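The structure under discussion appears below in the form of C-alpha cells.
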Amino acid sequence: MKSQAKFQPIKLYKRFRQWLKVDLKLSRKGLILVFVPMSVVLIIMTVLVYLLNEAEYDVWKEGDSKLIITKANDLSRKFINISQLTNSDREGIIEKIQSLKKLTLDNPAQGANIERLEELANRGIALSKNTKTSDTAKINELLSELNAQLIDIEAEEQKELNKTILKDSANRSIIRQGLYSGLILNVALAILMATYFSKGITARLALIFENNKLLARGKQLLPPQLGHDEIARLDRVFHKMAETVVQMAHKEKAVIDNALDVIFTIDSNARFSMINNACLKSWGYIPEELIGQKINKVLHKADKSLTMVLINKLIKGASSRTFETRLVRKDGSAIDVLWSATWSTIEKSLFCVAHDITQRKEVERLKRDFYAMVSHDLRTPLTSILFSLNIVGKRIENLTSQLAGRAAGDTAKDLTEELQAAENNCAHLLKLIDSMLTVEKIEAGEIQLSPKMFKLAGLMKKVEESIGAYARQQQVSLIWDFDQVVIAADEERLLQVLINLLGNAIKFSPAGSQVKIDAHLASGQLACEVEDHGPGIAEQYISTIFERYKQVKTPDNLSKGGTGLGLTICQAIVKAHGGEIGVNSSEGTGSTFWFKIPVTSFNKLSEKKIPKQDSLG
C-alpha cells in the first residue's frame, strides 16, 4: 500500500503531461505558455510589494525611534533648571510626554517607561511651581530619577532601532535575492515550458512528415495520433486523405491496366519506366520486356529519326504534343499509332498514350482509293456520256428539221426529252461526284486557299452571272446590297459559297418572291447574309443542316433535290478562312443564311452602298 501511494503522484504527473500534450488546443497551449511565467512574475511582484511595505514600515518605525530619543533629550534639558520653568515650559513638557505616549503605543515596555516619565515630570512640574521650596535634595533626587528614566527610554528605543536596522537590512537582502531568483526562475520556467511544448509539437509534426514520406513511397502509414488538438485532427485528416489517394491510385491502376490503349512513361534517357498490360495485346510484349529498354526498340525504322526528334524536344521542356508514327510489334508487323505525349517537369518523365489507328489508316486508304476510283473510273465515263448525249441531241434536232410529217416530229420530240432526262441525270451525277471530291479535298487539307485582292462588286457580278438565269427561271427576284470595297480573300471559294447559298434560297423560294443578298464590312470582317421568304427550316433540322447529305424537306414532306453537300462545302470553305457560318430560321417565316470571315480592306472606293436593284446590269 505504501509503495502504491508513493507512485501515485508520478502517475498523476504523467497523466497531466499527456493531457497537456494531446488534449489541449495549440491556442490554449500558447496561453499556458504565457500565463504560467506571468503568474510567477505576479507572485514575485506580490512578495516584493509586501517586503517593500515592511521596509517602509521599518523606516517609519526607525524615524519614530529617533524622534522619541530626540524628545527624551529635550525633556532632559528642560528639567536641568527645574526651578526656572515657566508656564509655557511646563505646557511644552506635557505636550512632549503626550507625543511620546502616542509614539510608543505599539511598544508596551516603552509605554510603561513613558508612564513612569510622566509621573516624574508631573512631580517636577509641581516642585517648580513651589518657588519657596529650597529642598535641593528632593530636586536632585527627582532629576536623578528623571535622568535614569530617560536613559531607560533611550536604551529601549536604541534597542528597537537596532532591531529595525537589522530587519531592514535583512529585508533588502531578501528583496535582492528574490529579484534575482525570481528572474532566473521565470526565465528558466519559460525556457522549459517553451522547450516542452515545442518538442511535443515538433515531434508530432514529425510524425505527419514521416507519414507524408511513407505515402509518397507507397508504404503503410504510422497509426493516427491520439488527442483532440489541431495536430491530432490534422493527422486524422491526413490519414483520410491518404486512404482516398490510395483508393484513387488503385482505381487509376485498374483503369490503366484495363485500358485498350498503351499507356506508358519514358524517363529523360528515353527509356520505358512504366507501361500497362495493354502492350501485350497491342504490341505483343509483356511489360517486363520493355521496362528499362530504349523506346527505339519499338519504333519503325522509317519513322525512328523523326520520332526521336519529337521525343527529345518534349523531354527538353515542351509541354505536350500529339503526333502519328509507326511502331513494330514483337512479331515484326508494323502498326500505326496516334501518340499523345506530355512532359512532367516534377516527375521528370514523359507520360504517353499510344492509340492504335491501324484500322483507321486502312479505312482512310480505302477511302482515298474509292475517291480516286470515283474521280477516274466513274467521273471520266460520265463526262464522255454527257458529251455524247449532247452530240446525239444536236443530231436529232437537225434530223427533225429535215423530216416532214407530224409523226416524225412527235418521235423526235420524245427522243429529245429522253435525251434531255439522260443528260440531266448525268449532270446531277457529275455534280454529286464533284461535291464529294471537293469536301474530301477540303477536309484532307489538299485544297489551299489563294487569297488575293479583288473588288467585292466584281465578286457579286460573277455571282449574278452564274445564278441569275436560274433565278429568272424560278421567277425569283434578286436584291443586292453590298459595300464598294476591295478585300483580300480567296475569290473563287467565296464565289462557290455564295452560289450555293443563293441556289438553295432560290430553290426554296415561291414564285414571285425576293431573295436579298447583303454584304458589308464590319470590324475587319466580311459579313454576308442571304435572306429568302421560303417555308423556313424546322427546329429539328437546324442543328444538322451543315452535315453531309442532310437535306431539308418542305412542309409537304417533299425533297427539293440536290446532293446534300452544298452547305457542307460552304462550311468547310468559311472555316478555312477562319470564319463562322450559321442560319436564322423558323418554320413558315423564311431563312437567313449568314457567314463572317476575316478579311483585309483596301481603299474604300465609295462610302455609298449600291442601291437595291433586281440585276447588276
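Labeling convention for the C-alpha cells: chains A, B, ... as they appear, residues from 1 per chain, ligands from 1 in order of appearance.
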Near-segment 165-170 of chain A list (6 Å; only C-alpha atoms; drop same-chain fewer than 3 positions) as an MDAnalysis selection string: chainID A and resid 55 162 173
All strand (DSSP E or B) positions in segment 254-283 of chain A, as a PDB file with N, CA and C atoms, in the first residue's frame:
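Everything below was put into out-v2.pdb:
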ATOM      1  N   VAL A 262      -2.233   1.730 -75.095  1.00  0.00           N
ATOM      2  CA  VAL A 262      -0.981   1.501 -74.362  1.00  0.00           C
ATOM      3  C   VAL A 262      -0.602   2.800 -73.657  1.00  0.00           C
ATOM      4  N   ILE A 263      -0.526   2.739 -72.322  1.00  0.00           N
ATOM      5  CA  ILE A 263      -0.161   3.902 -71.511  1.00  0.00           C
ATOM      6  C   ILE A 263       1.191   3.620 -70.881  1.00  0.00           C
ATOM      7  N   PHE A 264       2.130   4.542 -71.044  1.00  0.00           N
ATOM      8  CA  PHE A 264       3.475   4.294 -70.549  1.00  0.00           C
ATOM      9  C   PHE A 264       4.168   5.621 -70.239  1.00  0.00           C
ATOM     10  N   THR A 265       5.280   5.540 -69.534  1.00  0.00           N
ATOM     11  CA  THR A 265       6.112   6.706 -69.243  1.00  0.00           C
ATOM     12  C   THR A 265       7.540   6.435 -69.706  1.00  0.00           C
ATOM     13  N   ILE A 266       8.189   7.515 -70.118  1.00  0.00           N
ATOM     14  CA  ILE A 266       9.577   7.451 -70.582  1.00  0.00           C
ATOM     15  C   ILE A 266      10.394   8.411 -69.730  1.00  0.00           C
ATOM     16  N   ASP A 267      11.550   7.968 -69.264  1.00  0.00           N
ATOM     17  CA  ASP A 267      12.399   8.852 -68.469  1.00  0.00           C
ATOM     18  C   ASP A 267      13.205   9.771 -69.374  1.00  0.00           C
ATOM     19  N   ARG A 271      13.953   5.924 -71.927  1.00  0.00           N
ATOM     20  CA  ARG A 271      13.748   4.521 -71.573  1.00  0.00           C
ATOM     21  C   ARG A 271      12.370   4.338 -70.948  1.00  0.00           C
ATOM     22  N   PHE A 272      11.756   3.182 -71.187  1.00  0.00           N
ATOM     23  CA  PHE A 272      10.475   2.879 -70.564  1.00  0.00           C
ATOM     24  C   PHE A 272      10.648   2.771 -69.052  1.00  0.00           C
ATOM     25  N   SER A 273       9.840   3.503 -68.294  1.00  0.00           N
ATOM     26  CA  SER A 273       9.868   3.382 -66.828  1.00  0.00           C
ATOM     27  C   SER A 273       8.585   2.756 -66.284  1.00  0.00           C
ATOM     28  N   MET A 274       7.509   2.813 -67.079  1.00  0.00           N
ATOM     29  CA  MET A 274       6.241   2.181 -66.708  1.00  0.00           C
ATOM     30  C   MET A 274       5.433   1.952 -67.966  1.00  0.00           C
ATOM     31  N   ILE A 275       4.700   0.814 -68.005  1.00  0.00           N
ATOM     32  CA  ILE A 275       3.840   0.533 -69.152  1.00  0.00           C
ATOM     33  C   ILE A 275       2.724  -0.396 -68.684  1.00  0.00           C
TER      34      ILE A 275
END
Near-Met38 of chain A list (12 Å; only C-alpha atoms; drop same-chain fewer than 4 positions) as a PDB file with N, CA, C and O atoms, in the first residue's frame:
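Result file is part_16.pdb:
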ATOM      1  N   LEU A  31      -1.557  29.980 -24.560  1.00  0.00           N
ATOM      2  CA  LEU A  31      -1.991  30.765 -23.400  1.00  0.00           C
ATOM      3  C   LEU A  31      -1.299  30.281 -22.130  1.00  0.00           C
ATOM      4  O   LEU A  31      -0.897  31.089 -21.278  1.00  0.00           O
ATOM      5  N   ILE A  32      -1.188  28.945 -21.984  1.00  0.00           N
ATOM      6  CA  ILE A  32      -0.491  28.404 -20.807  1.00  0.00           C
ATOM      7  C   ILE A  32       0.961  28.846 -20.818  1.00  0.00           C
ATOM      8  O   ILE A  32       1.532  29.222 -19.780  1.00  0.00           O
ATOM      9  N   LEU A  33       1.571  28.802 -21.986  1.00  0.00           N
ATOM     10  CA  LEU A  33       2.975  29.200 -22.099  1.00  0.00           C
ATOM     11  C   LEU A  33       3.177  30.651 -21.674  1.00  0.00           C
ATOM     12  O   LEU A  33       4.230  31.010 -21.147  1.00  0.00           O
ATOM     13  N   VAL A  34       2.173  31.494 -21.897  1.00  0.00           N
ATOM     14  CA  VAL A  34       2.262  32.892 -21.481  1.00  0.00           C
ATOM     15  C   VAL A  34       1.800  33.061 -20.040  1.00  0.00           C
ATOM     16  O   VAL A  34       2.386  33.821 -19.261  1.00  0.00           O
ATOM     17  N   LEU A  42       3.761  37.636 -11.269  1.00  0.00           N
ATOM     18  CA  LEU A  42       2.803  38.275 -10.364  1.00  0.00           C
ATOM     19  C   LEU A  42       3.051  37.870  -8.914  1.00  0.00           C
ATOM     20  O   LEU A  42       2.961  38.704  -7.995  1.00  0.00           O
ATOM     21  N   ILE A  43       3.355  36.577  -8.676  1.00  0.00           N
ATOM     22  CA  ILE A  43       3.642  36.116  -7.309  1.00  0.00           C
ATOM     23  C   ILE A  43       4.879  36.818  -6.768  1.00  0.00           C
ATOM     24  O   ILE A  43       4.909  37.298  -5.622  1.00  0.00           O
ATOM     25  N   ILE A  44       5.926  36.870  -7.591  1.00  0.00           N
ATOM     26  CA  ILE A  44       7.163  37.532  -7.160  1.00  0.00           C
ATOM     27  C   ILE A  44       6.895  39.007  -6.873  1.00  0.00           C
ATOM     28  O   ILE A  44       7.373  39.564  -5.867  1.00  0.00           O
ATOM     29  N   MET A  45       6.119  39.663  -7.729  1.00  0.00           N
ATOM     30  CA  MET A  45       5.813  41.076  -7.522  1.00  0.00           C
ATOM     31  C   MET A  45       5.019  41.281  -6.241  1.00  0.00           C
ATOM     32  O   MET A  45       5.235  42.263  -5.511  1.00  0.00           O
ATOM     33  N   GLY A 182      13.740  35.209  -8.694  1.00  0.00           N
ATOM     34  CA  GLY A 182      12.513  35.221  -9.493  1.00  0.00           C
ATOM     35  C   GLY A 182      12.803  35.379 -10.970  1.00  0.00           C
ATOM     36  O   GLY A 182      12.166  34.730 -11.827  1.00  0.00           O
ATOM     37  N   LEU A 183      13.785  36.248 -11.289  1.00  0.00           N
ATOM     38  CA  LEU A 183      14.142  36.440 -12.689  1.00  0.00           C
ATOM     39  C   LEU A 183      14.687  35.149 -13.287  1.00  0.00           C
ATOM     40  O   LEU A 183      14.279  34.730 -14.375  1.00  0.00           O
ATOM     41  N   LEU A 185      14.235  32.104 -12.130  1.00  0.00           N
ATOM     42  CA  LEU A 185      13.185  31.095 -12.143  1.00  0.00           C
ATOM     43  C   LEU A 185      12.225  31.320 -13.314  1.00  0.00           C
ATOM     44  O   LEU A 185      11.831  30.367 -14.007  1.00  0.00           O
ATOM     45  N   ASN A 186      11.856  32.578 -13.538  1.00  0.00           N
ATOM     46  CA  ASN A 186      10.903  32.873 -14.611  1.00  0.00           C
ATOM     47  C   ASN A 186      11.490  32.546 -15.981  1.00  0.00           C
ATOM     48  O   ASN A 186      10.830  31.960 -16.839  1.00  0.00           O
ATOM     49  N   VAL A 187      12.758  32.948 -16.191  1.00  0.00           N
ATOM     50  CA  VAL A 187      13.417  32.653 -17.467  1.00  0.00           C
ATOM     51  C   VAL A 187      13.545  31.144 -17.659  1.00  0.00           C
ATOM     52  O   VAL A 187      13.244  30.609 -18.744  1.00  0.00           O
ATOM     53  N   LEU A 189      11.749  28.790 -16.259  1.00  0.00           N
ATOM     54  CA  LEU A 189      10.431  28.200 -16.453  1.00  0.00           C
ATOM     55  C   LEU A 189       9.921  28.443 -17.865  1.00  0.00           C
ATOM     56  O   LEU A 189       9.352  27.544 -18.504  1.00  0.00           O
ATOM     57  N   ALA A 190      10.116  29.668 -18.376  1.00  0.00           N
ATOM     58  CA  ALA A 190       9.681  29.970 -19.733  1.00  0.00           C
ATOM     59  C   ALA A 190      10.422  29.102 -20.752  1.00  0.00           C
ATOM     60  O   ALA A 190       9.819  28.582 -21.695  1.00  0.00           O
TER      61      ALA A 190
END
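Non-sequential neighbours of Ala471 of chain A (distance at most 10 Å, separation of 2 or more positions within a chain, only C-alpha atoms) are Glu464, Ser466, Ile467, Gly468, Ala469, Gln473, Gln474, Gln475, Val476, Ser477, Leu478, Leu502, Gly503, Ala505, Ile506, Lys507, Ser509, Ala511, Gln514 and Val515 of chain A.
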Who sits within 8 Å of Met453 of chain A, only C-alpha atoms, same chain under 6 positions skipped, as a ChimeraX atom specification: /A:486-489
Computed interatomic separation between atom CA of Ala126 of chain A and atom CA of Gln149 of chain A (Å):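 Computed distance, atom CA of Ala126 of chain A to atom CA of Gln149 of chain A, equals 18.1 Å.
Proximity ranking of A:Lys596, A:Lys462, A:Leu299, A:Gly582 relative to Ala519 of chain A places A:Lys596 first, based on only C-alpha atoms.
One distance worth recording is that between atom CA of Asn113 of chain A and atom CA of Glu160 of chain A, which is 14.0 Å.
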Long-range neighbours of Ser340 of chain A as number ranges by chain, 9 Å cut-off, only C-alpha atoms, 6 positions minimum in chain: A: 320-324, 351-355
Limited to N, CA and C atoms, could you put the picked residues into a file as a PDB file, in the first residue's frame?
ATOM      1  N   SER A 320       3.323  19.504 -74.296  1.00  0.00           N
ATOM      2  CA  SER A 320       2.627  18.317 -74.786  1.00  0.00           C
ATOM      3  C   SER A 320       2.554  18.369 -76.305  1.00  0.00           C
ATOM      4  N   ARG A 321       2.274  17.186 -76.876  1.00  0.00           N
ATOM      5  CA  ARG A 321       2.198  17.119 -78.341  1.00  0.00           C
ATOM      6  C   ARG A 321       1.490  15.836 -78.733  1.00  0.00           C
ATOM      7  N   THR A 322       0.788  15.904 -79.866  1.00  0.00           N
ATOM      8  CA  THR A 322       0.133  14.730 -80.447  1.00  0.00           C
ATOM      9  C   THR A 322       0.671  14.539 -81.854  1.00  0.00           C
ATOM     10  N   PHE A 323       1.074  13.319 -82.145  1.00  0.00           N
ATOM     11  CA  PHE A 323       1.621  13.036 -83.476  1.00  0.00           C
ATOM     12  C   PHE A 323       1.368  11.574 -83.820  1.00  0.00           C
ATOM     13  N   GLU A 324       1.495  11.268 -85.094  1.00  0.00           N
ATOM     14  CA  GLU A 324       1.316   9.900 -85.575  1.00  0.00           C
ATOM     15  C   GLU A 324       2.672   9.318 -85.945  1.00  0.00           C
ATOM     16  N   PHE A 351       4.831  11.324 -70.093  1.00  0.00           N
ATOM     17  CA  PHE A 351       3.637  10.492 -69.994  1.00  0.00           C
ATOM     18  C   PHE A 351       3.030  10.359 -71.387  1.00  0.00           C
ATOM     19  N   CYS A 352       2.841   9.118 -71.838  1.00  0.00           N
ATOM     20  CA  CYS A 352       2.424   8.865 -73.222  1.00  0.00           C
ATOM     21  C   CYS A 352       1.228   7.924 -73.270  1.00  0.00           C
ATOM     22  N   VAL A 353       0.404   8.155 -74.278  1.00  0.00           N
ATOM     23  CA  VAL A 353      -0.704   7.254 -74.610  1.00  0.00           C
ATOM     24  C   VAL A 353      -0.597   6.950 -76.098  1.00  0.00           C
ATOM     25  N   ALA A 354      -0.516   5.661 -76.433  1.00  0.00           N
ATOM     26  CA  ALA A 354      -0.388   5.243 -77.837  1.00  0.00           C
ATOM     27  C   ALA A 354      -1.678   4.538 -78.248  1.00  0.00           C
ATOM     28  N   HIS A 355      -2.422   5.173 -79.127  1.00  0.00           N
ATOM     29  CA  HIS A 355      -3.696   4.626 -79.597  1.00  0.00           C
ATOM     30  C   HIS A 355      -3.498   4.003 -80.981  1.00  0.00           C
TER      31      HIS A 355
END
Ile581 of chain A environment, 12 Å, only C-alpha atoms, sequence neighbours closer than 6 positions dropped, as a PyMOL selection string: chain A and resi 497-498+501+526-530+545-546+567-575+592-597
Those of segment 49-124 of chain A in DSSP alpha helix (DSSP H), formatted as a PyMOL selection string: chain A and resi 49-78+87-103+108-124
